[in-house]
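What follows is final.pdb (PDB, C-alpha atoms, pLDDT in the B column).
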```pdb
ATOM      1  CA  MET A   1     -51.396 -24.356 -33.657  1.00 33.00           C
ATOM      2  CA  PHE A   2     -49.696 -23.938 -30.276  1.00 29.00           C
ATOM      3  CA  LYS A   3     -48.296 -27.119 -28.773  1.00 32.00           C
ATOM      4  CA  ARG A   4     -49.063 -27.984 -25.153  1.00 32.00           C
ATOM      5  CA  ILE A   5     -46.064 -28.880 -23.049  1.00 25.00           C
ATOM      6  CA  PHE A   6     -46.544 -31.518 -20.372  1.00 25.00           C
ATOM      7  CA  GLN A   7     -44.207 -31.510 -17.371  1.00 29.00           C
ATOM      8  CA  PHE A   8     -43.668 -34.238 -14.790  1.00 27.00           C
ATOM      9  CA  LEU A   9     -43.386 -32.056 -11.705  1.00 27.00           C
ATOM     10  CA  PHE A  10     -46.421 -30.174 -10.440  1.00 31.00           C
ATOM     11  CA  PHE A  11     -44.308 -27.306  -9.134  1.00 32.00           C
ATOM     12  CA  ALA A  12     -42.640 -26.974 -12.536  1.00 33.00           C
ATOM     13  CA  CYS A  13     -46.112 -26.812 -14.105  1.00 36.00           C
ATOM     14  CA  LEU A  14     -47.023 -23.901 -11.858  1.00 28.00           C
ATOM     15  CA  LEU A  15     -43.852 -22.049 -12.750  1.00 30.00           C
ATOM     16  CA  LEU A  16     -44.346 -22.606 -16.451  1.00 34.00           C
ATOM     17  CA  ALA A  17     -47.989 -21.525 -16.233  1.00 36.00           C
ATOM     18  CA  GLY A  18     -46.895 -18.304 -14.554  1.00 37.00           C
ATOM     19  CA  VAL A  19     -44.352 -17.616 -17.285  1.00 38.00           C
ATOM     20  CA  TYR A  20     -46.917 -18.384 -19.993  1.00 39.00           C
ATOM     21  CA  TYR A  21     -49.629 -16.114 -18.667  1.00 40.00           C
ATOM     22  CA  SER A  22     -47.236 -13.273 -17.897  1.00 42.00           C
ATOM     23  CA  ALA A  23     -45.826 -13.505 -21.417  1.00 50.00           C
ATOM     24  CA  MET A  24     -49.225 -13.886 -23.106  1.00 58.00           C
ATOM     25  CA  PRO A  25     -49.964 -10.148 -23.520  1.00 69.00           C
ATOM     26  CA  GLU A  26     -46.601  -9.572 -25.202  1.00 76.00           C
ATOM     27  CA  ILE A  27     -47.057 -12.587 -27.474  1.00 79.00           C
ATOM     28  CA  ALA A  28     -50.559 -11.435 -28.409  1.00 85.00           C
ATOM     29  CA  HIS A  29     -49.301  -7.911 -29.099  1.00 88.00           C
ATOM     30  CA  GLU A  30     -46.582  -9.180 -31.430  1.00 93.00           C
ATOM     31  CA  LEU A  31     -48.971 -11.569 -33.143  1.00 94.00           C
ATOM     32  CA  LYS A  32     -51.567  -8.861 -33.742  1.00 95.00           C
ATOM     33  CA  ALA A  33     -48.880  -6.527 -35.064  1.00 96.00           C
ATOM     34  CA  ALA A  34     -47.726  -9.172 -37.523  1.00 97.00           C
ATOM     35  CA  ALA A  35     -51.300  -9.913 -38.580  1.00 98.00           C
ATOM     36  CA  ARG A  36     -52.047  -6.221 -39.131  1.00 97.00           C
ATOM     37  CA  SER A  37     -48.903  -5.898 -41.216  1.00 97.00           C
ATOM     38  CA  GLY A  38     -50.264  -8.534 -43.591  1.00 98.00           C
ATOM     39  CA  ASP A  39     -48.590 -11.731 -42.376  1.00 98.00           C
ATOM     40  CA  ALA A  40     -51.089 -14.366 -43.536  1.00 98.00           C
ATOM     41  CA  GLU A  41     -49.811 -17.081 -41.219  1.00 97.00           C
ATOM     42  CA  ALA A  42     -50.115 -14.747 -38.237  1.00 97.00           C
ATOM     43  CA  GLN A  43     -53.638 -13.894 -39.353  1.00 98.00           C
ATOM     44  CA  VAL A  44     -54.595 -17.583 -39.348  1.00 98.00           C
ATOM     45  CA  VAL A  45     -53.101 -18.117 -35.876  1.00 97.00           C
ATOM     46  CA  LEU A  46     -54.877 -15.018 -34.589  1.00 97.00           C
ATOM     47  CA  ALA A  47     -58.166 -16.260 -36.059  1.00 98.00           C
ATOM     48  CA  ARG A  48     -57.759 -19.554 -34.252  1.00 97.00           C
ATOM     49  CA  MET A  49     -57.009 -17.774 -30.997  1.00 95.00           C
ATOM     50  CA  TYR A  50     -60.167 -15.677 -31.298  1.00 96.00           C
ATOM     51  CA  PHE A  51     -62.210 -18.759 -32.128  1.00 97.00           C
ATOM     52  CA  GLU A  52     -60.843 -20.722 -29.176  1.00 95.00           C
ATOM     53  CA  GLY A  53     -61.355 -17.869 -26.735  1.00 95.00           C
ATOM     54  CA  GLU A  54     -57.687 -17.132 -26.006  1.00 91.00           C
ATOM     55  CA  PHE A  55     -58.569 -13.444 -25.509  1.00 90.00           C
ATOM     56  CA  GLY A  56     -61.291 -14.085 -22.981  1.00 91.00           C
ATOM     57  CA  LYS A  57     -64.253 -15.174 -25.078  1.00 94.00           C
ATOM     58  CA  HIS A  58     -65.140 -17.363 -28.025  1.00 96.00           C
ATOM     59  CA  ASP A  59     -65.364 -14.920 -30.950  1.00 97.00           C
ATOM     60  CA  PRO A  60     -66.059 -16.619 -34.291  1.00 97.00           C
ATOM     61  CA  VAL A  61     -66.892 -13.294 -35.969  1.00 97.00           C
ATOM     62  CA  ALA A  62     -63.426 -11.899 -35.263  1.00 97.00           C
ATOM     63  CA  ALA A  63     -61.975 -15.227 -36.368  1.00 98.00           C
ATOM     64  CA  VAL A  64     -63.775 -14.929 -39.705  1.00 98.00           C
ATOM     65  CA  GLN A  65     -62.482 -11.414 -40.232  1.00 98.00           C
ATOM     66  CA  TRP A  66     -58.856 -12.516 -39.852  1.00 98.00           C
ATOM     67  CA  LEU A  67     -59.394 -15.657 -41.883  1.00 98.00           C
ATOM     68  CA  GLN A  68     -60.855 -13.570 -44.686  1.00 98.00           C
ATOM     69  CA  ARG A  69     -57.795 -11.320 -44.731  1.00 98.00           C
ATOM     70  CA  ALA A  70     -55.504 -14.352 -44.982  1.00 98.00           C
ATOM     71  CA  ALA A  71     -57.740 -16.040 -47.559  1.00 98.00           C
ATOM     72  CA  ASP A  72     -57.665 -12.893 -49.699  1.00 98.00           C
ATOM     73  CA  GLN A  73     -53.902 -13.439 -49.898  1.00 98.00           C
ATOM     74  CA  GLY A  74     -54.429 -17.015 -51.064  1.00 98.00           C
ATOM     75  CA  ASN A  75     -53.374 -18.714 -47.834  1.00 98.00           C
ATOM     76  CA  ALA A  76     -54.436 -22.353 -48.212  1.00 98.00           C
ATOM     77  CA  ASP A  77     -55.098 -22.966 -44.505  1.00 98.00           C
ATOM     78  CA  ALA A  78     -57.256 -19.855 -44.297  1.00 98.00           C
ATOM     79  CA  LEU A  79     -59.233 -20.862 -47.379  1.00 98.00           C
ATOM     80  CA  ASN A  80     -59.863 -24.304 -45.919  1.00 98.00           C
ATOM     81  CA  ILE A  81     -60.893 -23.104 -42.452  1.00 98.00           C
ATOM     82  CA  LEU A  82     -63.006 -20.247 -43.783  1.00 98.00           C
ATOM     83  CA  GLY A  83     -64.720 -22.694 -46.115  1.00 98.00           C
ATOM     84  CA  ARG A  84     -65.566 -24.933 -43.163  1.00 98.00           C
ATOM     85  CA  PHE A  85     -66.975 -21.891 -41.338  1.00 98.00           C
ATOM     86  CA  TYR A  86     -69.306 -21.160 -44.253  1.00 98.00           C
ATOM     87  CA  LEU A  87     -70.298 -24.825 -44.482  1.00 98.00           C
ATOM     88  CA  ALA A  88     -71.190 -24.906 -40.788  1.00 98.00           C
ATOM     89  CA  GLY A  89     -72.403 -21.313 -40.368  1.00 98.00           C
ATOM     90  CA  LEU A  90     -69.746 -20.344 -37.806  1.00 97.00           C
ATOM     91  CA  GLY A  91     -69.366 -16.575 -37.528  1.00 97.00           C
ATOM     92  CA  VAL A  92     -71.106 -16.162 -40.890  1.00 98.00           C
ATOM     93  CA  ASP A  93     -74.445 -17.013 -42.442  1.00 98.00           C
ATOM     94  CA  GLN A  94     -74.331 -20.631 -43.566  1.00 98.00           C
ATOM     95  CA  ASP A  95     -73.536 -20.840 -47.275  1.00 98.00           C
ATOM     96  CA  PRO A  96     -72.652 -24.396 -48.396  1.00 98.00           C
ATOM     97  CA  ALA A  97     -71.923 -23.368 -51.980  1.00 98.00           C
ATOM     98  CA  LYS A  98     -69.451 -20.675 -50.949  1.00 98.00           C
ATOM     99  CA  GLY A  99     -67.968 -22.966 -48.325  1.00 98.00           C
ATOM    100  CA  LEU A 100     -67.346 -25.712 -50.862  1.00 98.00           C
ATOM    101  CA  GLU A 101     -65.854 -23.187 -53.282  1.00 98.00           C
ATOM    102  CA  LEU A 102     -63.361 -22.044 -50.646  1.00 98.00           C
ATOM    103  CA  VAL A 103     -62.454 -25.585 -49.611  1.00 98.00           C
ATOM    104  CA  ARG A 104     -61.957 -26.527 -53.260  1.00 98.00           C
ATOM    105  CA  ALA A 105     -59.640 -23.528 -53.711  1.00 98.00           C
ATOM    106  CA  ALA A 106     -57.618 -24.712 -50.707  1.00 98.00           C
ATOM    107  CA  ALA A 107     -57.524 -28.243 -52.109  1.00 98.00           C
ATOM    108  CA  GLU A 108     -56.181 -26.964 -55.418  1.00 98.00           C
ATOM    109  CA  LYS A 109     -53.368 -25.372 -53.403  1.00 98.00           C
ATOM    110  CA  ASP A 110     -52.522 -28.809 -51.949  1.00 98.00           C
ATOM    111  CA  GLN A 111     -54.009 -28.249 -48.489  1.00 98.00           C
ATOM    112  CA  PRO A 112     -54.375 -31.915 -47.417  1.00 98.00           C
ATOM    113  CA  GLN A 113     -57.395 -31.549 -45.104  1.00 98.00           C
ATOM    114  CA  ALA A 114     -59.234 -29.665 -47.847  1.00 98.00           C
ATOM    115  CA  GLN A 115     -58.355 -32.399 -50.321  1.00 98.00           C
ATOM    116  CA  ALA A 116     -59.657 -35.009 -47.877  1.00 98.00           C
ATOM    117  CA  TYR A 117     -62.896 -33.042 -47.546  1.00 98.00           C
ATOM    118  CA  MET A 118     -63.315 -32.939 -51.325  1.00 98.00           C
ATOM    119  CA  ALA A 119     -62.760 -36.693 -51.500  1.00 98.00           C
ATOM    120  CA  SER A 120     -65.454 -37.211 -48.864  1.00 98.00           C
ATOM    121  CA  ALA A 121     -67.817 -34.831 -50.651  1.00 98.00           C
ATOM    122  CA  TYR A 122     -67.519 -36.766 -53.919  1.00 98.00           C
ATOM    123  CA  ALA A 123     -67.905 -40.079 -52.082  1.00 98.00           C
ATOM    124  CA  LYS A 124     -71.100 -38.983 -50.303  1.00 97.00           C
ATOM    125  CA  GLY A 125     -72.496 -36.567 -52.886  1.00 98.00           C
ATOM    126  CA  GLU A 126     -72.448 -33.643 -50.455  1.00 97.00           C
ATOM    127  CA  GLY A 127     -72.691 -30.416 -52.465  1.00 97.00           C
ATOM    128  CA  VAL A 128     -71.500 -32.237 -55.575  1.00 98.00           C
ATOM    129  CA  LYS A 129     -72.607 -35.186 -57.665  1.00 98.00           C
ATOM    130  CA  ARG A 130     -71.165 -38.479 -56.456  1.00 98.00           C
ATOM    131  CA  ASP A 131     -68.125 -39.315 -58.548  1.00 98.00           C
ATOM    132  CA  ALA A 132     -65.829 -42.280 -57.848  1.00 98.00           C
ATOM    133  CA  ALA A 133     -63.060 -41.018 -60.112  1.00 98.00           C
ATOM    134  CA  LYS A 134     -62.942 -37.642 -58.367  1.00 98.00           C
ATOM    135  CA  PHE A 135     -63.094 -39.350 -54.981  1.00 98.00           C
ATOM    136  CA  LEU A 136     -60.006 -41.355 -55.927  1.00 98.00           C
ATOM    137  CA  HIS A 137     -58.290 -38.263 -57.354  1.00 98.00           C
ATOM    138  CA  TRP A 138     -58.689 -36.232 -54.175  1.00 98.00           C
ATOM    139  CA  THR A 139     -57.971 -39.175 -51.908  1.00 98.00           C
ATOM    140  CA  ARG A 140     -54.684 -39.794 -53.683  1.00 98.00           C
ATOM    141  CA  ARG A 141     -53.689 -36.126 -53.591  1.00 98.00           C
ATOM    142  CA  ALA A 142     -54.545 -35.841 -49.903  1.00 98.00           C
ATOM    143  CA  ALA A 143     -52.602 -39.021 -49.144  1.00 98.00           C
ATOM    144  CA  GLU A 144     -49.576 -37.779 -51.060  1.00 98.00           C
ATOM    145  CA  ASN A 145     -49.735 -34.545 -49.056  1.00 98.00           C
ATOM    146  CA  GLY A 146     -49.749 -36.371 -45.725  1.00 98.00           C
ATOM    147  CA  ASP A 147     -53.379 -36.705 -44.621  1.00 98.00           C
ATOM    148  CA  ALA A 148     -53.478 -39.795 -42.391  1.00 98.00           C
ATOM    149  CA  GLN A 149     -57.160 -40.638 -42.981  1.00 98.00           C
ATOM    150  CA  SER A 150     -56.665 -40.428 -46.750  1.00 98.00           C
ATOM    151  CA  ARG A 151     -53.592 -42.636 -46.551  1.00 98.00           C
ATOM    152  CA  PHE A 152     -55.675 -45.213 -44.717  1.00 98.00           C
ATOM    153  CA  ASN A 153     -58.460 -44.906 -47.301  1.00 98.00           C
ATOM    154  CA  LEU A 154     -56.017 -45.295 -50.198  1.00 98.00           C
ATOM    155  CA  ALA A 155     -54.440 -48.298 -48.482  1.00 98.00           C
ATOM    156  CA  THR A 156     -57.870 -49.907 -48.209  1.00 98.00           C
ATOM    157  CA  LEU A 157     -58.551 -49.345 -51.903  1.00 98.00           C
ATOM    158  CA  TYR A 158     -55.280 -51.031 -52.875  1.00 98.00           C
ATOM    159  CA  LEU A 159     -55.765 -53.925 -50.470  1.00 97.00           C
ATOM    160  CA  ILE A 160     -59.248 -54.811 -51.718  1.00 97.00           C
ATOM    161  CA  GLY A 161     -58.720 -53.724 -55.342  1.00 98.00           C
ATOM    162  CA  SER A 162     -61.475 -51.114 -55.430  1.00 97.00           C
ATOM    163  CA  LEU A 163     -61.140 -48.288 -58.011  1.00 98.00           C
ATOM    164  CA  VAL A 164     -57.478 -49.324 -58.426  1.00 98.00           C
ATOM    165  CA  PRO A 165     -55.831 -52.645 -59.309  1.00 98.00           C
ATOM    166  CA  GLN A 166     -55.259 -54.734 -56.183  1.00 97.00           C
ATOM    167  CA  ASN A 167     -51.719 -54.202 -54.933  1.00 97.00           C
ATOM    168  CA  VAL A 168     -51.015 -55.556 -51.443  1.00 96.00           C
ATOM    169  CA  PRO A 169     -47.477 -54.147 -51.074  1.00 96.00           C
ATOM    170  CA  GLU A 170     -48.676 -50.689 -52.105  1.00 98.00           C
ATOM    171  CA  GLY A 171     -51.621 -50.963 -49.750  1.00 98.00           C
ATOM    172  CA  GLN A 172     -49.372 -51.938 -46.879  1.00 97.00           C
ATOM    173  CA  ARG A 173     -47.032 -49.044 -47.663  1.00 98.00           C
ATOM    174  CA  TRP A 174     -49.852 -46.510 -47.307  1.00 98.00           C
ATOM    175  CA  LEU A 175     -51.151 -48.314 -44.241  1.00 98.00           C
ATOM    176  CA  GLU A 176     -47.735 -48.089 -42.579  1.00 98.00           C
ATOM    177  CA  LEU A 177     -47.502 -44.386 -43.355  1.00 98.00           C
ATOM    178  CA  SER A 178     -50.918 -43.750 -41.835  1.00 98.00           C
ATOM    179  CA  ALA A 179     -50.195 -45.923 -38.794  1.00 98.00           C
ATOM    180  CA  ASP A 180     -46.904 -44.161 -38.170  1.00 98.00           C
ATOM    181  CA  GLN A 181     -48.777 -40.848 -38.120  1.00 98.00           C
ATOM    182  CA  GLY A 182     -50.857 -42.187 -35.236  1.00 97.00           C
ATOM    183  CA  PHE A 183     -54.059 -43.028 -37.122  1.00 98.00           C
ATOM    184  CA  THR A 184     -55.627 -45.666 -34.896  1.00 98.00           C
ATOM    185  CA  GLU A 185     -57.670 -47.494 -37.541  1.00 98.00           C
ATOM    186  CA  ALA A 186     -54.537 -47.924 -39.646  1.00 98.00           C
ATOM    187  CA  GLN A 187     -52.606 -49.245 -36.662  1.00 98.00           C
ATOM    188  CA  VAL A 188     -55.272 -51.879 -35.972  1.00 98.00           C
ATOM    189  CA  ALA A 189     -55.549 -52.833 -39.660  1.00 98.00           C
ATOM    190  CA  LEU A 190     -51.783 -53.124 -39.944  1.00 98.00           C
ATOM    191  CA  GLY A 191     -51.721 -55.371 -36.902  1.00 98.00           C
ATOM    192  CA  GLU A 192     -54.350 -57.588 -38.509  1.00 97.00           C
ATOM    193  CA  MET A 193     -52.327 -57.802 -41.731  1.00 97.00           C
ATOM    194  CA  LEU A 194     -49.205 -58.791 -39.808  1.00 97.00           C
ATOM    195  CA  ILE A 195     -51.050 -61.486 -37.846  1.00 96.00           C
ATOM    196  CA  ARG A 196     -52.568 -63.011 -40.959  1.00 94.00           C
ATOM    197  CA  GLY A 197     -49.351 -62.799 -42.956  1.00 94.00           C
ATOM    198  CA  VAL A 198     -50.969 -61.018 -45.896  1.00 91.00           C
ATOM    199  CA  GLY A 199     -48.295 -60.839 -48.582  1.00 85.00           C
ATOM    200  CA  GLN A 200     -45.581 -61.906 -46.140  1.00 90.00           C
ATOM    201  CA  PRO A 201     -44.942 -64.344 -43.267  1.00 94.00           C
ATOM    202  CA  PRO A 202     -46.896 -63.560 -40.065  1.00 95.00           C
ATOM    203  CA  ASP A 203     -45.117 -61.228 -37.641  1.00 97.00           C
ATOM    204  CA  LEU A 204     -46.703 -61.471 -34.208  1.00 97.00           C
ATOM    205  CA  VAL A 205     -44.158 -59.174 -32.549  1.00 98.00           C
ATOM    206  CA  GLU A 206     -44.773 -56.282 -34.935  1.00 98.00           C
ATOM    207  CA  ALA A 207     -48.534 -56.900 -34.842  1.00 98.00           C
ATOM    208  CA  CYS A 208     -48.451 -56.860 -31.045  1.00 98.00           C
ATOM    209  CA  LYS A 209     -46.547 -53.569 -31.178  1.00 98.00           C
ATOM    210  CA  TRP A 210     -49.267 -51.880 -33.237  1.00 98.00           C
ATOM    211  CA  PHE A 211     -52.101 -53.325 -31.153  1.00 98.00           C
ATOM    212  CA  ALA A 212     -50.362 -52.086 -28.002  1.00 98.00           C
ATOM    213  CA  ILE A 213     -49.963 -48.597 -29.467  1.00 98.00           C
ATOM    214  CA  ALA A 214     -53.599 -48.420 -30.584  1.00 98.00           C
ATOM    215  CA  GLY A 215     -54.623 -49.828 -27.214  1.00 97.00           C
ATOM    216  CA  THR A 216     -53.058 -46.865 -25.403  1.00 96.00           C
ATOM    217  CA  LYS A 217     -55.797 -44.780 -27.013  1.00 96.00           C
ATOM    218  CA  GLY A 218     -58.512 -47.051 -25.707  1.00 96.00           C
ATOM    219  CA  ASN A 219     -59.317 -48.834 -28.960  1.00 97.00           C
ATOM    220  CA  PRO A 220     -61.326 -51.895 -27.857  1.00 97.00           C
ATOM    221  CA  GLN A 221     -60.503 -53.988 -30.935  1.00 97.00           C
ATOM    222  CA  ALA A 222     -56.777 -53.386 -30.437  1.00 98.00           C
ATOM    223  CA  GLU A 223     -57.009 -54.315 -26.764  1.00 97.00           C
ATOM    224  CA  ARG A 224     -58.943 -57.482 -27.560  1.00 97.00           C
ATOM    225  CA  ARG A 225     -56.554 -58.563 -30.322  1.00 97.00           C
ATOM    226  CA  LEU A 226     -53.542 -57.802 -28.150  1.00 97.00           C
ATOM    227  CA  ASN A 227     -54.837 -60.143 -25.445  1.00 96.00           C
ATOM    228  CA  GLN A 228     -55.444 -62.834 -28.064  1.00 96.00           C
ATOM    229  CA  VAL A 229     -52.031 -62.519 -29.698  1.00 95.00           C
ATOM    230  CA  VAL A 230     -49.907 -62.584 -26.555  1.00 96.00           C
ATOM    231  CA  ALA A 231     -51.316 -66.036 -25.745  1.00 95.00           C
ATOM    232  CA  TYR A 232     -49.219 -67.376 -28.638  1.00 94.00           C
ATOM    233  CA  MET A 233     -46.034 -65.428 -27.892  1.00 97.00           C
ATOM    234  CA  THR A 234     -43.007 -66.208 -25.791  1.00 97.00           C
ATOM    235  CA  ARG A 235     -41.933 -63.913 -22.969  1.00 97.00           C
ATOM    236  CA  GLU A 236     -39.029 -62.699 -25.130  1.00 98.00           C
ATOM    237  CA  GLU A 237     -41.381 -61.852 -27.996  1.00 97.00           C
ATOM    238  CA  MET A 238     -43.736 -59.977 -25.690  1.00 97.00           C
ATOM    239  CA  ASN A 239     -40.832 -57.986 -24.243  1.00 98.00           C
ATOM    240  CA  GLU A 240     -39.617 -57.117 -27.725  1.00 98.00           C
ATOM    241  CA  ALA A 241     -43.090 -55.991 -28.798  1.00 98.00           C
ATOM    242  CA  ALA A 242     -43.409 -53.836 -25.676  1.00 97.00           C
ATOM    243  CA  HIS A 243     -39.976 -52.337 -26.335  1.00 98.00           C
ATOM    244  CA  ARG A 244     -40.883 -51.435 -29.928  1.00 98.00           C
ATOM    245  CA  ALA A 245     -44.173 -49.889 -28.811  1.00 98.00           C
ATOM    246  CA  ASN A 246     -42.450 -47.822 -26.109  1.00 98.00           C
ATOM    247  CA  VAL A 247     -39.794 -46.604 -28.539  1.00 97.00           C
ATOM    248  CA  TRP A 248     -42.504 -45.477 -30.975  1.00 98.00           C
ATOM    249  CA  LEU A 249     -44.577 -43.769 -28.270  1.00 97.00           C
ATOM    250  CA  GLN A 250     -41.574 -41.981 -26.793  1.00 96.00           C
ATOM    251  CA  ALA A 251     -40.473 -40.778 -30.210  1.00 96.00           C
ATOM    252  CA  LYS A 252     -43.943 -39.425 -31.003  1.00 91.00           C
ATOM    253  CA  ASN A 253     -44.415 -37.819 -27.605  1.00 88.00           C
ATOM    254  CA  GLY A 254     -40.997 -36.225 -27.845  1.00 80.00           C
ATOM    255  CA  SER A 255     -41.828 -34.676 -31.215  1.00 71.00           C
ATOM    256  CA  ARG A 256     -44.952 -32.896 -29.910  1.00 64.00           C
TER
END
```
Can you present the structure in this file as structure tokens?
Amino acid sequence: MFKRIFQFLFFACLLLAGVYYSAMPEIAHELKAAARSGDAEAQVVLARMYFEGEFGKHDPVAAVQWLQRAADQGNADALNILGRFYLAGLGVDQDPAKGLELVRAAAEKDQPQAQAYMASAYAKGEGVKRDAAKFLHWTRRAAENGDAQSRFNLATLYLIGSLVPQNVPEGQRWLELSADQGFTEAQVALGEMLIRGVGQPPDLVEACKWFAIAGTKGNPQAERRLNQVVAYMTREEMNEAAHRANVWLQAKNGSR
């Protein structure tokens, strides 16, 4: 959806806010025109705007109407979101069976969040019979399509050898991918692996980097482990870890 832009100067924020709000009617007009013309992506964006109250009020019914138009065209994001609406009863009468059907259709189109939902459904037996093989199938597909939670879950399976043969390097690879996406649990787990030297020599500097990153989001375990690790590090190692963490944070903040 729309990305929020943070500015350092308060006066600049006021100027940008003025530009945004003065341009909003024109943007909305163009977006609605595109949605009416059949642009499925515009229809999904418009649905989200109605749902989030961008036009003055929270309107889940209007959101559903635009999602349905995009879903009728086979848009995977629309199918996934509309399915969640039916599962939760947002803007429509709650219908878990129809909701699951829509989410499954999105998953078959490689929508990663829908695939992650299907994996969870088969793990918990929500709307379907519990099935470990199908849980693994959807977890793997979601991970391959970039879902950070699923990458963490797949990493865990490889690391402990559950449902798949134990493979520490493969588990670490998925853990690194998830951590680099900003998934806090993966960052903490990766730090723990690096401290313990699982499959490789211990690397306190890299572990400290990941604990510091996770700690910026208030993760108590990361903060606690960071304080424990730095007690065994030299000043040069601590500076290097801080540098690596800052480089990562700046790169991620700059890409938003």
Find, counting only C-alpha atoms, the residue in A:Leu87, A:Ala121, A:Ile213, A:Ala207 that gets nearest to Val229 (chain A).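 The closest residue to Val229 (chain A) is A:Ala207.
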So which residues get picked by the PyMOL selection byres ((chain A and resi 92) around 12) here, written as a list in words?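 What the PyMOL selection byres ((chain A and resi 92) around 12) grabs from the file is Asp59, Pro60, Val61, Ala62, Ala63, Val64, Gln65, Leu67, Gln68, Leu82, Gly83, Arg84, Phe85, Tyr86, Leu87, Ala88, Gly89, Leu90, Gly91, Asp93, Gln94, Asp95, Pro96, Lys98 and Gly99 of chain A.
Within 12 Å of the point (-70.3, -34.6, -49.7) in file coordinates, and counting all atoms listed in the file, lie the residues Leu87, Pro96, Ala97, Gly99, Leu100, Val103, Ala116, Tyr117, Met118, Ala119, Ser120, Ala121, Tyr122, Ala123, Lys124, Gly125, Glu126, Gly127, Val128, Lys129, Arg130, Asp131, Lys134 and Phe135 of chain A.
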Two-atom distance - CA of Asp39 (chain A), CA of Leu79 (chain A) (Å):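 Straight-line distance from CA of Asp39 (chain A) to CA of Leu79 (chain A) works out to 14.9 Å.
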If the PyMOL selection byres ((chain A and resi 105) around 12) is run on the structure shown, which residues does it catch, given as a PyMOL selection string? chain A and resi 71-72+74-83+98-104+106-115+117-118
If you count all atoms listed in the file, the residue of A:Ala34, A:Leu204, A:Ala143, A:Ala214 closest to Leu175 (chain A) turns out to be A:Ala143
Residues picked by the PyMOL selection byres ((chain A and resi 240-250) around 7) here, as a ChimeraX atom specification? /A:205-206,208-209,212-213,236-239,251-254
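The coordinates place CA of Arg235 (chain A) at 27.8 Å from CA of Gln172 (chain A).
Across the structure, CA of Ala40 (chain A) and CA of Ala28 (chain A) are spaced 15.4 Å apart.
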Can you tell me, as a list in words, what residues are no more than 12 Å from Ser162 (chain A) when counting only C-alpha atoms, ignoring any on the same chain fewer than 4 positions away?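 These residues fall inside the cut-off: Ala132, Ala133, Phe135, Leu136, Asn153, Leu154, Ala155, Thr156, Leu157, Tyr158, Gln166, Asn167 and Gly171 of chain A.
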Using all atoms listed in the file, which of A:Trp210, A:Phe55, A:Trp66, A:Trp174 sits nearest Ala142 (chain A)?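 Between A:Trp210, A:Phe55, A:Trp66, A:Trp174, the residue approaching Ala142 (chain A) most closely is A:Trp174.
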